[in-house]
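Asker: This one is entry06.pdb, PDB, C-alpha atoms.
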ATOM      1  CA  MET A   1     106.284 113.777 110.568
ATOM      2  CA  ALA A   2     105.035 113.422 114.122
ATOM      3  CA  THR A   3     107.530 113.928 116.931
ATOM      4  CA  GLY A   4     107.528 113.298 120.669
ATOM      5  CA  PRO A   5     109.194 111.192 123.330
ATOM      6  CA  ASP A   6     111.431 108.367 122.154
ATOM      7  CA  PRO A   7     109.059 105.363 121.969
ATOM      8  CA  THR A   8     111.928 102.940 122.491
ATOM      9  CA  LEU A   9     112.576 104.130 126.045
ATOM     10  CA  ASN A  10     109.785 102.046 127.542
ATOM     11  CA  MET A  11     110.263  99.009 125.323
ATOM     12  CA  PRO A  12     111.104  95.702 127.010
ATOM     13  CA  VAL A  13     114.687  94.697 126.262
ATOM     14  CA  ALA A  14     115.855  91.185 125.552
ATOM     15  CA  ALA A  15     118.178  89.104 127.720
ATOM     16  CA  SER A  16     119.249  85.473 127.631
ATOM     17  CA  PRO A  17     116.392  83.096 128.589
ATOM     18  CA  GLY A  18     115.880  83.064 132.343
ATOM     19  CA  LYS A  19     117.984  86.197 132.834
ATOM     20  CA  GLU A  20     115.337  88.843 132.217
ATOM     21  CA  PRO A  21     115.599  91.825 134.603
ATOM     22  CA  ARG A  22     112.925  92.094 137.281
ATOM     23  CA  THR A  23     113.572  95.638 138.455
ATOM     24  CA  ALA A  24     113.724  99.080 136.864
ATOM     25  CA  ARG A  25     117.416  99.257 137.771
ATOM     26  CA  GLY A  26     118.014  95.930 136.058
ATOM     27  CA  ARG A  27     116.230  97.096 132.918
ATOM     28  CA  GLU A  28     118.328 100.251 132.938
ATOM     29  CA  THR A  29     121.541  98.228 133.179
ATOM     30  CA  LEU A  30     120.399  95.938 130.390
ATOM     31  CA  ARG A  31     119.584  98.970 128.255
ATOM     32  CA  LYS A  32     123.090 100.334 128.832
ATOM     33  CA  LEU A  33     124.617  97.027 127.804
ATOM     34  CA  LEU A  34     122.611  96.847 124.590
ATOM     35  CA  ASP A  35     123.391 100.459 123.693
ATOM     36  CA  ALA A  36     127.066  99.813 124.373
ATOM     37  CA  ALA A  37     126.919  96.629 122.298
ATOM     38  CA  ALA A  38     125.492  98.614 119.377
ATOM     39  CA  LYS A  39     128.544 100.885 119.475
ATOM     40  CA  GLU A  40     131.004  98.030 119.985
ATOM     41  CA  PHE A  41     129.641  95.829 117.192
ATOM     42  CA  GLY A  42     128.938  98.820 114.960
ATOM     43  CA  GLU A  43     132.488 100.124 115.171
ATOM     44  CA  LEU A  44     134.486  96.896 115.372
ATOM     45  CA  GLY A  45     132.300  94.209 113.819
ATOM     46  CA  PHE A  46     131.213  90.968 115.439
ATOM     47  CA  HIS A  47     134.543  89.155 115.515
ATOM     48  CA  ALA A  48     136.666  92.019 116.856
ATOM     49  CA  ALA A  49     134.085  93.122 119.418
ATOM     50  CA  SER A  50     134.522  91.861 122.969
ATOM     51  CA  ILE A  51     132.498  91.515 126.145
ATOM     52  CA  SER A  52     135.048  93.616 128.019
ATOM     53  CA  GLY A  53     134.684  96.320 125.360
ATOM     54  CA  ILE A  54     130.921  96.286 125.784
ATOM     55  CA  THR A  55     131.042  96.556 129.580
ATOM     56  CA  ARG A  56     133.682  99.303 129.379
ATOM     57  CA  ARG A  57     131.462 101.344 127.059
ATOM     58  CA  ALA A  58     128.436 100.672 129.272
ATOM     59  CA  GLY A  59     130.296 101.608 132.443
ATOM     60  CA  THR A  60     129.249  98.352 134.101
ATOM     61  CA  ALA A  61     131.105  95.546 135.824
ATOM     62  CA  LEU A  62     131.943  92.407 133.872
ATOM     63  CA  GLY A  63     129.704  90.438 136.234
ATOM     64  CA  SER A  64     126.736  92.569 135.201
ATOM     65  CA  PHE A  65     127.094  91.282 131.668
ATOM     66  CA  TYR A  66     126.731  87.668 132.755
ATOM     67  CA  THR A  67     123.745  88.588 134.900
ATOM     68  CA  TYR A  68     121.815  89.138 131.670
ATOM     69  CA  PHE A  69     123.704  87.379 128.874
ATOM     70  CA  ASP A  70     125.442  84.040 128.469
ATOM     71  CA  SER A  71     127.927  85.085 125.787
ATOM     72  CA  LYS A  72     128.911  87.585 123.107
ATOM     73  CA  GLU A  73     126.713  85.637 120.693
ATOM     74  CA  ALA A  74     123.757  86.005 123.059
ATOM     75  CA  ILE A  75     123.997  89.782 123.328
ATOM     76  CA  PHE A  76     124.487  90.056 119.567
ATOM     77  CA  SER A  77     121.251  88.125 118.956
ATOM     78  CA  ALA A  78     119.456  90.271 121.532
ATOM     79  CA  LEU A  79     120.822  93.406 119.888
ATOM     80  CA  VAL A  80     119.561  92.435 116.428
ATOM     81  CA  LYS A  81     116.106  91.799 117.905
ATOM     82  CA  ASP A  82     116.256  95.035 119.891
ATOM     83  CA  MET A  83     117.214  97.140 116.855
ATOM     84  CA  SER A  84     114.513  95.530 114.732
ATOM     85  CA  GLU A  85     111.908  96.276 117.395
ATOM     86  CA  SER A  86     113.236  99.833 117.766
ATOM     87  CA  VAL A  87     112.672 100.519 114.068
ATOM     88  CA  ALA A  88     109.120  99.176 114.325
ATOM     89  CA  ALA A  89     108.442 101.289 117.412
ATOM     90  CA  ILE A  90     109.817 104.471 115.843
ATOM     91  CA  VAL A  91     107.767 104.007 112.672
ATOM     92  CA  SER A  92     104.605 103.223 114.649
ATOM     93  CA  ALA A  93     105.061 106.271 116.880
ATOM     94  CA  GLN A  94     105.841 108.727 114.101
ATOM     95  CA  VAL A  95     103.116 107.754 111.635
ATOM     96  CA  PRO A  96      99.822 109.386 112.667
ATOM     97  CA  PRO A  97      96.902 106.953 113.122
ATOM     98  CA  GLU A  98      94.885 108.829 110.513
ATOM     99  CA  ALA A  99      97.559 108.398 107.816
ATOM    100  CA  ALA A 100      96.505 106.090 105.005
ATOM    101  CA  GLY A 101      97.606 104.817 101.619
ATOM    102  CA  LEU A 102     100.689 106.334 100.043
ATOM    103  CA  ASP A 103     100.819 109.109 102.638
ATOM    104  CA  ARG A 104     101.198 106.421 105.294
ATOM    105  CA  GLU A 105     104.061 104.799 103.382
ATOM    106  CA  ARG A 106     105.751 108.158 102.825
ATOM    107  CA  GLN A 107     105.680 108.895 106.535
ATOM    108  CA  ALA A 108     106.850 105.385 107.446
ATOM    109  CA  LEU A 109     109.843 105.813 105.115
ATOM    110  CA  ALA A 110     110.583 109.241 106.591
ATOM    111  CA  ALA A 111     110.638 107.726 110.082
ATOM    112  CA  PHE A 112     112.993 104.955 108.944
ATOM    113  CA  LEU A 113     115.353 107.371 107.205
ATOM    114  CA  GLY A 114     115.496 109.469 110.353
ATOM    115  CA  PHE A 115     116.336 106.367 112.383
ATOM    116  CA  ALA A 116     119.034 105.303 109.913
ATOM    117  CA  ARG A 117     120.669 108.721 110.100
ATOM    118  CA  GLU A 118     120.824 108.569 113.880
ATOM    119  CA  HIS A 119     121.779 104.879 114.111
ATOM    120  CA  LYS A 120     124.112 104.186 111.198
ATOM    121  CA  GLU A 121     125.496 101.158 113.036
ATOM    122  CA  ILE A 122     122.303  99.221 112.302
ATOM    123  CA  TYR A 123     123.524  98.493 108.767
ATOM    124  CA  ARG A 124     126.790  96.876 109.820
ATOM    125  CA  ILE A 125     125.116  94.953 112.629
ATOM    126  CA  ILE A 126     122.282  93.589 110.489
ATOM    127  CA  ASP A 127     124.667  92.741 107.643
ATOM    128  CA  GLU A 128     126.966  90.803 109.987
ATOM    129  CA  ALA A 129     123.975  88.958 111.416
ATOM    130  CA  GLU A 130     123.643  87.161 108.080
ATOM    131  CA  PHE A 131     126.728  85.155 109.065
ATOM    132  CA  ALA A 132     126.979  85.560 112.855
ATOM    133  CA  ASP A 133     123.305  84.820 113.554
ATOM    134  CA  PRO A 134     121.358  83.782 110.425
ATOM    135  CA  ALA A 135     118.141  83.111 112.371
ATOM    136  CA  SER A 136     118.042  86.667 113.740
ATOM    137  CA  TYR A 137     118.961  88.074 110.325
ATOM    138  CA  ARG A 138     116.060  86.263 108.689
ATOM    139  CA  ALA A 139     113.664  87.144 111.515
ATOM    140  CA  HIS A 140     114.518  90.827 111.153
ATOM    141  CA  TYR A 141     113.637  90.970 107.474
ATOM    142  CA  GLU A 142     110.651  88.645 107.687
ATOM    143  CA  GLY A 143     109.238  90.700 110.549
ATOM    144  CA  THR A 144     109.764  93.959 108.691
ATOM    145  CA  ALA A 145     108.153  92.628 105.510
ATOM    146  CA  ALA A 146     105.214  91.282 107.503
ATOM    147  CA  ARG A 147     104.574  94.714 109.028
ATOM    148  CA  ILE A 148     104.659  96.384 105.612
ATOM    149  CA  ALA A 149     102.363  93.732 104.121
ATOM    150  CA  ALA A 150      99.928  94.257 107.017
ATOM    151  CA  ARG A 151      99.850  97.984 106.268
ATOM    152  CA  PHE A 152      99.229  97.232 102.607
ATOM    153  CA  ASP A 153      96.392  94.856 103.507
ATOM    154  CA  GLN A 154      94.806  97.606 105.599
ATOM    155  CA  ASN A 155      95.250 100.118 102.785
ATOM    156  CA  VAL A 156      93.599  97.787 100.282
ATOM    157  CA  ALA A 157      90.712  97.124 102.663
ATOM    158  CA  ALA A 158      90.256 100.863 103.165
ATOM    159  CA  GLY A 159      90.297 101.497  99.411
ATOM    160  CA  THR A 160      93.449 103.658  99.538
ATOM    161  CA  MET A 161      95.568 101.154  97.601
ATOM    162  CA  SER A 162      94.768  98.920  94.656
ATOM    163  CA  PRO A 163      94.548  95.142  95.254
ATOM    164  CA  GLY A 164      97.631  93.075  94.475
ATOM    165  CA  ASP A 165     100.156  90.614  95.848
ATOM    166  CA  ASN A 166     101.006  92.416  99.062
ATOM    167  CA  GLU A 167     103.737  89.982 100.078
ATOM    168  CA  VAL A 168     105.678  90.711  96.880
ATOM    169  CA  ARG A 169     104.920  94.405  97.214
ATOM    170  CA  ALA A 170     106.125  94.416 100.821
ATOM    171  CA  TRP A 171     109.464  92.757 100.075
ATOM    172  CA  ALA A 172     110.031  95.077  97.104
ATOM    173  CA  THR A 173     109.213  98.135  99.212
ATOM    174  CA  MET A 174     111.442  96.945 102.047
ATOM    175  CA  GLY A 175     114.352  96.414  99.656
ATOM    176  CA  MET A 176     113.886  99.916  98.291
ATOM    177  CA  ASN A 177     113.732 101.422 101.776
ATOM    178  CA  VAL A 178     116.839  99.561 102.956
ATOM    179  CA  PHE A 179     118.978 100.899 100.122
ATOM    180  CA  LEU A 180     117.524 104.395 100.403
ATOM    181  CA  GLY A 181     118.574 104.343 104.053
ATOM    182  CA  LEU A 182     122.054 103.208 103.063
ATOM    183  CA  ARG A 183     122.488 105.877 100.391
ATOM    184  CA  PHE A 184     120.761 108.821 102.084
ATOM    185  CA  GLY A 185     121.229 107.907 105.733
ATOM    186  CA  VAL A 186     124.548 106.135 106.160
ATOM    187  CA  TRP A 187     126.695 107.131 103.181
ATOM    188  CA  ASP A 188     125.493 110.716 102.808
ATOM    189  CA  GLN A 189     122.774 113.092 103.975
ATOM    190  CA  ASP A 190     122.990 115.536 101.100
ATOM    191  CA  ARG A 191     119.288 115.266 100.261
ATOM    192  CA  SER A 192     116.417 116.152 102.578
ATOM    193  CA  ILE A 193     114.165 113.386 103.847
ATOM    194  CA  GLU A 194     111.173 115.265 102.417
ATOM    195  CA  GLU A 195     112.735 115.274  98.942
ATOM    196  CA  ILE A 196     113.519 111.555  99.081
ATOM    197  CA  THR A 197     110.105 110.504 100.343
ATOM    198  CA  ALA A 198     108.356 112.686  97.766
ATOM    199  CA  GLY A 199     110.264 110.907  95.008
ATOM    200  CA  VAL A 200     109.321 107.494  96.395
ATOM    201  CA  GLU A 201     105.684 108.496  96.782
ATOM    202  CA  SER A 202     105.651 109.553  93.126
ATOM    203  CA  LEU A 203     107.220 106.221  92.131
ATOM    204  CA  LEU A 204     104.604 104.233  94.047
ATOM    205  CA  ARG A 205     101.755 106.353  92.712
ATOM    206  CA  ASP A 206     102.741 106.706  89.054
ATOM    207  CA  GLY A 207     105.324 103.982  88.363
ATOM    208  CA  ILE A 208     108.174 104.517  85.875
ATOM    209  CA  ALA A 209     106.598 103.456  82.571
ATOM    210  CA  ALA A 210     106.315 106.058  79.800
ATOM    211  CA  ARG A 211     102.830 107.494  79.442
TER
END
How would this structure read if it were set down as structure tokens?

Answerer:
Amino acid sequence: MATGPDPTLNMPVAASPGKEPRTARGRETLRKLLDAAAKEFGELGFHAASISGITRRAGTALGSFYTYFDSKEAIFSALVKDMSESVAAIVSAQVPPEAAGLDRERQALAAFLGFAREHKEIYRIIDEAEFADPASYRAHYEGTAARIAARFDQNVAAGTMSPGDNEVRAWATMGMNVFLGLRFGVWDQDRSIEEITAGVESLLRDGIAAR
């Protein structure tokens, strides 16, 4: 798996409409708030989390929060979007451009599992978004499935994957990846990422039917 600088460091970060930062210092403060929000929501859940808890973790003044966000709901929505984009950025950065077919999917899964192990809070945050912010919850999964389907379309066009219903394939693959991340990233890390991805690659290549 390719390694290098964290590709999320230079990503634009979301704020409430009209409150986007215009300076590098502002973007840095916004980044601190989102990182602090990930810890606050991840540890306490949406309802118990507070704006004061977020600013305390971020080491910023309460006024700084309202410079960029209108409410706790607003930063939660921004956080879901930010985490979704972070996963996409990590996968894109760690999958070599020359990777294709099942090797590409194996490396994409490896990148996701690595992210899940380092950011376990993503599971609680995304799960709570189903009720706290259904639009962001749906956008996260639809965006992820669309990226997988696009990879599958490219693989089919390149002749490294057989033709098929790539929307169905993408949602099935995403569901598999999500629960693999839960089992082998959040709950336990007793199996190596290489072992897990090799098993999934075999499943995608050979299926499970008796031969």

Asker: Please expand the PyMOL selection byres ((chain A and resi 118) around 12) into the concrete residues it hits in this file, giving the result as number ranges by chain.

Answerer: A: 87, 90, 111-117, 119-123, 181, 184-186, 189

Asker: Would you mind telling me which residue in A:Ser86, A:Thr67, A:Ser77, A:Gln107 lies nearest to Glu194 of chain A when using only C-alpha atoms?

Answerer: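 So, comparing all the options, the nearest one is A:Gln107.
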
Asker: Each residue of segment 93-210 of chain A with at least one atom at most 12 Å from segment 44-47 of chain A should appear once, together with its nearest atom pair and the corresponding distance in Å (one decimal); atoms considered: only C-alpha atoms; ordering: chain, then increasing residue number; output as a Markdown table.

Answerer:
| residue | atom | partner | partner_atom | distance |
| --- | --- | --- | --- | --- |
| A:Glu121 | CA | A:Gly45 | CA | 9.8 |
| A:Ile122 | CA | A:Gly45 | CA | 11.3 |
| A:Tyr123 | CA | A:Gly45 | CA | 11.0 |
| A:Arg124 | CA | A:Gly45 | CA | 7.3 |
| A:Ile125 | CA | A:Gly45 | CA | 7.3 |
| A:Ile126 | CA | A:Phe46 | CA | 10.5 |
| A:Asp127 | CA | A:Gly45 | CA | 9.9 |
| A:Glu128 | CA | A:Phe46 | CA | 6.9 |
| A:Ala129 | CA | A:Phe46 | CA | 8.5 |
| A:Glu130 | CA | A:Phe46 | CA | 11.2 |
| A:Phe131 | CA | A:Phe46 | CA | 9.7 |
| A:Ala132 | CA | A:Phe46 | CA | 7.3 |
| A:Asp133 | CA | A:Phe46 | CA | 10.2 |

Asker: Output C-alpha atoms of each residue in that selection to a file, as a JSON list (two decimals), in the frame of the given file.

Answerer:
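Contents of again.json, freshly written:
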[["chain", "number", "residue", "atom", "x", "y", "z"],
["A", 121, "GLU", "CA", 125.50, 101.16, 113.04],
["A", 122, "ILE", "CA", 122.30, 99.22, 112.30],
["A", 123, "TYR", "CA", 123.52, 98.49, 108.77],
["A", 124, "ARG", "CA", 126.79, 96.88, 109.82],
["A", 125, "ILE", "CA", 125.12, 94.95, 112.63],
["A", 126, "ILE", "CA", 122.28, 93.59, 110.49],
["A", 127, "ASP", "CA", 124.67, 92.74, 107.64],
["A", 128, "GLU", "CA", 126.97, 90.80, 109.99],
["A", 129, "ALA", "CA", 123.98, 88.96, 111.42],
["A", 130, "GLU", "CA", 123.64, 87.16, 108.08],
["A", 131, "PHE", "CA", 126.73, 85.16, 109.06],
["A", 132, "ALA", "CA", 126.98, 85.56, 112.86],
["A", 133, "ASP", "CA", 123.30, 84.82, 113.55]]

Asker: What do you get, as an MDAnalysis selection string, if you spell out every residue that the PyMOL selection byres ((chain A and resi 160) around 12) selects here?

Answerer: chainID A and resid 99:105 151:159 161:163 205

Asker: Go through A:Val168, A:Met83, A:Ile196, A:Ala108 one by one, measure the shortest atom-to-atom distance of each to Val95 of chain A using only C-alpha atoms, and give the residue with the smallest value.

Answerer: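 Result for the nearest residue to Val95 of chain A: A:Ala108.
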
Asker: Got a sec: who's within 7 Å of Leu33 of chain A, counting all atoms listed in the file, leaving out chain neighbours fewer than 5 positions off, as an MDAnalysis selection string?

Answerer: chainID A and resid 54:55 58

Asker: Which of these, A:Arg191, A:Lys81, A:Arg106, A:Lys19, has the shortest distance to Thr144 of chain A once you count only C-alpha atoms?

Answerer: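 Of the candidates, the smallest distance to Thr144 of chain A is held by A:Lys81.
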
Asker: Kindly resolve the PyMOL selection byres ((chain A and resi 18) around 12) on the present coordinates and return the residues as a PyMOL selection string.

Answerer: chain A and resi 14-17+19-22+66-70

Asker: Mind giving me the straight-line distance from atom CA of Thr173 of chain A to atom CA of Gln94 of chain A in Å, one decimal?

Answerer: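 Value for the atom CA of Thr173 of chain A-atom CA of Gln94 of chain A distance: 18.6 Å.
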
Asker: Box time for segment 43-55 of chain A: axis-aligned, enclosing all its listed atoms, 3 Å extra on each side; report centre and edge lengths in Å to one decimal, as JSON.

Answerer:
{"center_x": 133.8, "center_y": 94.6, "center_z": 121.7, "size_x": 11.7, "size_y": 17.0, "size_z": 21.8}

Asker: If we count all atoms listed in the file and set the cut-off at 12 Å, which residues sit around Ser52 of chain A, ignoring sequence neighbours fewer than 5 positions away in its own chain? Please answer as a ChimeraX atom specification.

Answerer: /A:33,36-37,40,57-66,71-72

Asker: Just checking: using all atoms listed in the file, which residue out of A:Arg31, A:Ala49, A:Pro97, A:Leu204 ends up closest to Ala172 of chain A?

Answerer: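 Between A:Arg31, A:Ala49, A:Pro97, A:Leu204, the residue approaching Ala172 of chain A most closely is A:Leu204.
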
Asker: One decimal, Å: what's the distance from atom CA of Leu30 of chain A over to atom CA of Val80 of chain A, could you say?

Answerer: 14.4 Å

Asker: Which is closer to Ala135 of chain A than all the others in A:Val178, A:Ala149, A:Ala89, A:Ala78, using all atoms listed in the file?

Answerer: A:Ala78

Asker: So how many Å separate atom CA of Leu34 of chain A and atom CA of Asp82 of chain A, to one decimal?

Answerer: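 Interatomic distance here is 8.1 Å.
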
Asker: Could you tell me which of A:Glu201, A:Ala145, A:Leu109, A:Asp190 comes closest to Asn177 of chain A if we count all atoms listed in the file?

Answerer: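 Using all atoms listed in the file, the shortest distance to Asn177 of chain A belongs to A:Leu109.
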
Asker: Could you rebuild segment 147-162 of chain A with N, CA, C and O atoms and give it back as a PDB file, in the frame of the given file?

Answerer:
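Wrote it out as rebuild31.pdb, contents follow:
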ATOM      1  N   ARG A 147     105.203  93.459 108.597  1.00  0.00           N
ATOM      2  CA  ARG A 147     104.574  94.714 109.028  1.00  0.00           C
ATOM      3  C   ARG A 147     104.164  95.565 107.835  1.00  0.00           C
ATOM      4  O   ARG A 147     103.087  96.165 107.828  1.00  0.00           O
ATOM      5  N   ILE A 148     105.014  95.615 106.808  1.00  0.00           N
ATOM      6  CA  ILE A 148     104.659  96.384 105.612  1.00  0.00           C
ATOM      7  C   ILE A 148     103.468  95.752 104.906  1.00  0.00           C
ATOM      8  O   ILE A 148     102.531  96.449 104.490  1.00  0.00           O
ATOM      9  N   ALA A 149     103.475  94.429 104.776  1.00  0.00           N
ATOM     10  CA  ALA A 149     102.363  93.732 104.121  1.00  0.00           C
ATOM     11  C   ALA A 149     101.059  93.972 104.875  1.00  0.00           C
ATOM     12  O   ALA A 149      99.993  94.129 104.259  1.00  0.00           O
ATOM     13  N   ALA A 150     101.134  94.005 106.211  1.00  0.00           N
ATOM     14  CA  ALA A 150      99.928  94.257 107.017  1.00  0.00           C
ATOM     15  C   ALA A 150      99.392  95.662 106.741  1.00  0.00           C
ATOM     16  O   ALA A 150      98.165  95.856 106.650  1.00  0.00           O
ATOM     17  N   ARG A 151     100.298  96.629 106.606  1.00  0.00           N
ATOM     18  CA  ARG A 151      99.850  97.984 106.268  1.00  0.00           C
ATOM     19  C   ARG A 151      99.193  97.993 104.898  1.00  0.00           C
ATOM     20  O   ARG A 151      98.151  98.633 104.687  1.00  0.00           O
ATOM     21  N   PHE A 152      99.797  97.286 103.945  1.00  0.00           N
ATOM     22  CA  PHE A 152      99.229  97.232 102.607  1.00  0.00           C
ATOM     23  C   PHE A 152      97.843  96.580 102.624  1.00  0.00           C
ATOM     24  O   PHE A 152      96.923  97.025 101.933  1.00  0.00           O
ATOM     25  N   ASP A 153      97.700  95.517 103.393  1.00  0.00           N
ATOM     26  CA  ASP A 153      96.392  94.856 103.507  1.00  0.00           C
ATOM     27  C   ASP A 153      95.346  95.839 104.035  1.00  0.00           C
ATOM     28  O   ASP A 153      94.205  95.883 103.547  1.00  0.00           O
ATOM     29  N   GLN A 154      95.732  96.622 105.031  1.00  0.00           N
ATOM     30  CA  GLN A 154      94.806  97.606 105.599  1.00  0.00           C
ATOM     31  C   GLN A 154      94.472  98.683 104.576  1.00  0.00           C
ATOM     32  O   GLN A 154      93.314  99.124 104.473  1.00  0.00           O
ATOM     33  N   ASN A 155      95.487  99.098 103.812  1.00  0.00           N
ATOM     34  CA  ASN A 155      95.250 100.118 102.785  1.00  0.00           C
ATOM     35  C   ASN A 155      94.285  99.612 101.713  1.00  0.00           C
ATOM     36  O   ASN A 155      93.390 100.340 101.261  1.00  0.00           O
ATOM     37  N   VAL A 156      94.488  98.364 101.289  1.00  0.00           N
ATOM     38  CA  VAL A 156      93.599  97.787 100.282  1.00  0.00           C
ATOM     39  C   VAL A 156      92.172  97.700 100.825  1.00  0.00           C
ATOM     40  O   VAL A 156      91.207  98.050 100.134  1.00  0.00           O
ATOM     41  N   ALA A 157      92.040  97.253 102.051  1.00  0.00           N
ATOM     42  CA  ALA A 157      90.712  97.124 102.663  1.00  0.00           C
ATOM     43  C   ALA A 157      90.023  98.481 102.793  1.00  0.00           C
ATOM     44  O   ALA A 157      88.797  98.581 102.669  1.00  0.00           O
ATOM     45  N   ALA A 158      90.822  99.523 103.010  1.00  0.00           N
ATOM     46  CA  ALA A 158      90.256 100.863 103.165  1.00  0.00           C
ATOM     47  C   ALA A 158      90.030 101.554 101.829  1.00  0.00           C
ATOM     48  O   ALA A 158      89.477 102.656 101.774  1.00  0.00           O
ATOM     49  N   GLY A 159      90.475 100.916 100.736  1.00  0.00           N
ATOM     50  CA  GLY A 159      90.297 101.497  99.411  1.00  0.00           C
ATOM     51  C   GLY A 159      91.305 102.572  99.063  1.00  0.00           C
ATOM     52  O   GLY A 159      91.101 103.327  98.109  1.00  0.00           O
ATOM     53  N   THR A 160      92.426 102.651  99.823  1.00  0.00           N
ATOM     54  CA  THR A 160      93.449 103.658  99.538  1.00  0.00           C
ATOM     55  C   THR A 160      94.625 103.088  98.760  1.00  0.00           C
ATOM     56  O   THR A 160      95.590 103.796  98.486  1.00  0.00           O
ATOM     57  N   MET A 161      94.543 101.804  98.412  1.00  0.00           N
ATOM     58  CA  MET A 161      95.568 101.154  97.601  1.00  0.00           C
ATOM     59  C   MET A 161      94.888 100.089  96.754  1.00  0.00           C
ATOM     60  O   MET A 161      93.947  99.434  97.213  1.00  0.00           O
ATOM     61  N   SER A 162      95.375  99.916  95.532  1.00  0.00           N
ATOM     62  CA  SER A 162      94.768  98.920  94.656  1.00  0.00           C
ATOM     63  C   SER A 162      95.112  97.511  95.121  1.00  0.00           C
ATOM     64  O   SER A 162      96.171  97.285  95.711  1.00  0.00           O
TER      65      SER A 162
END
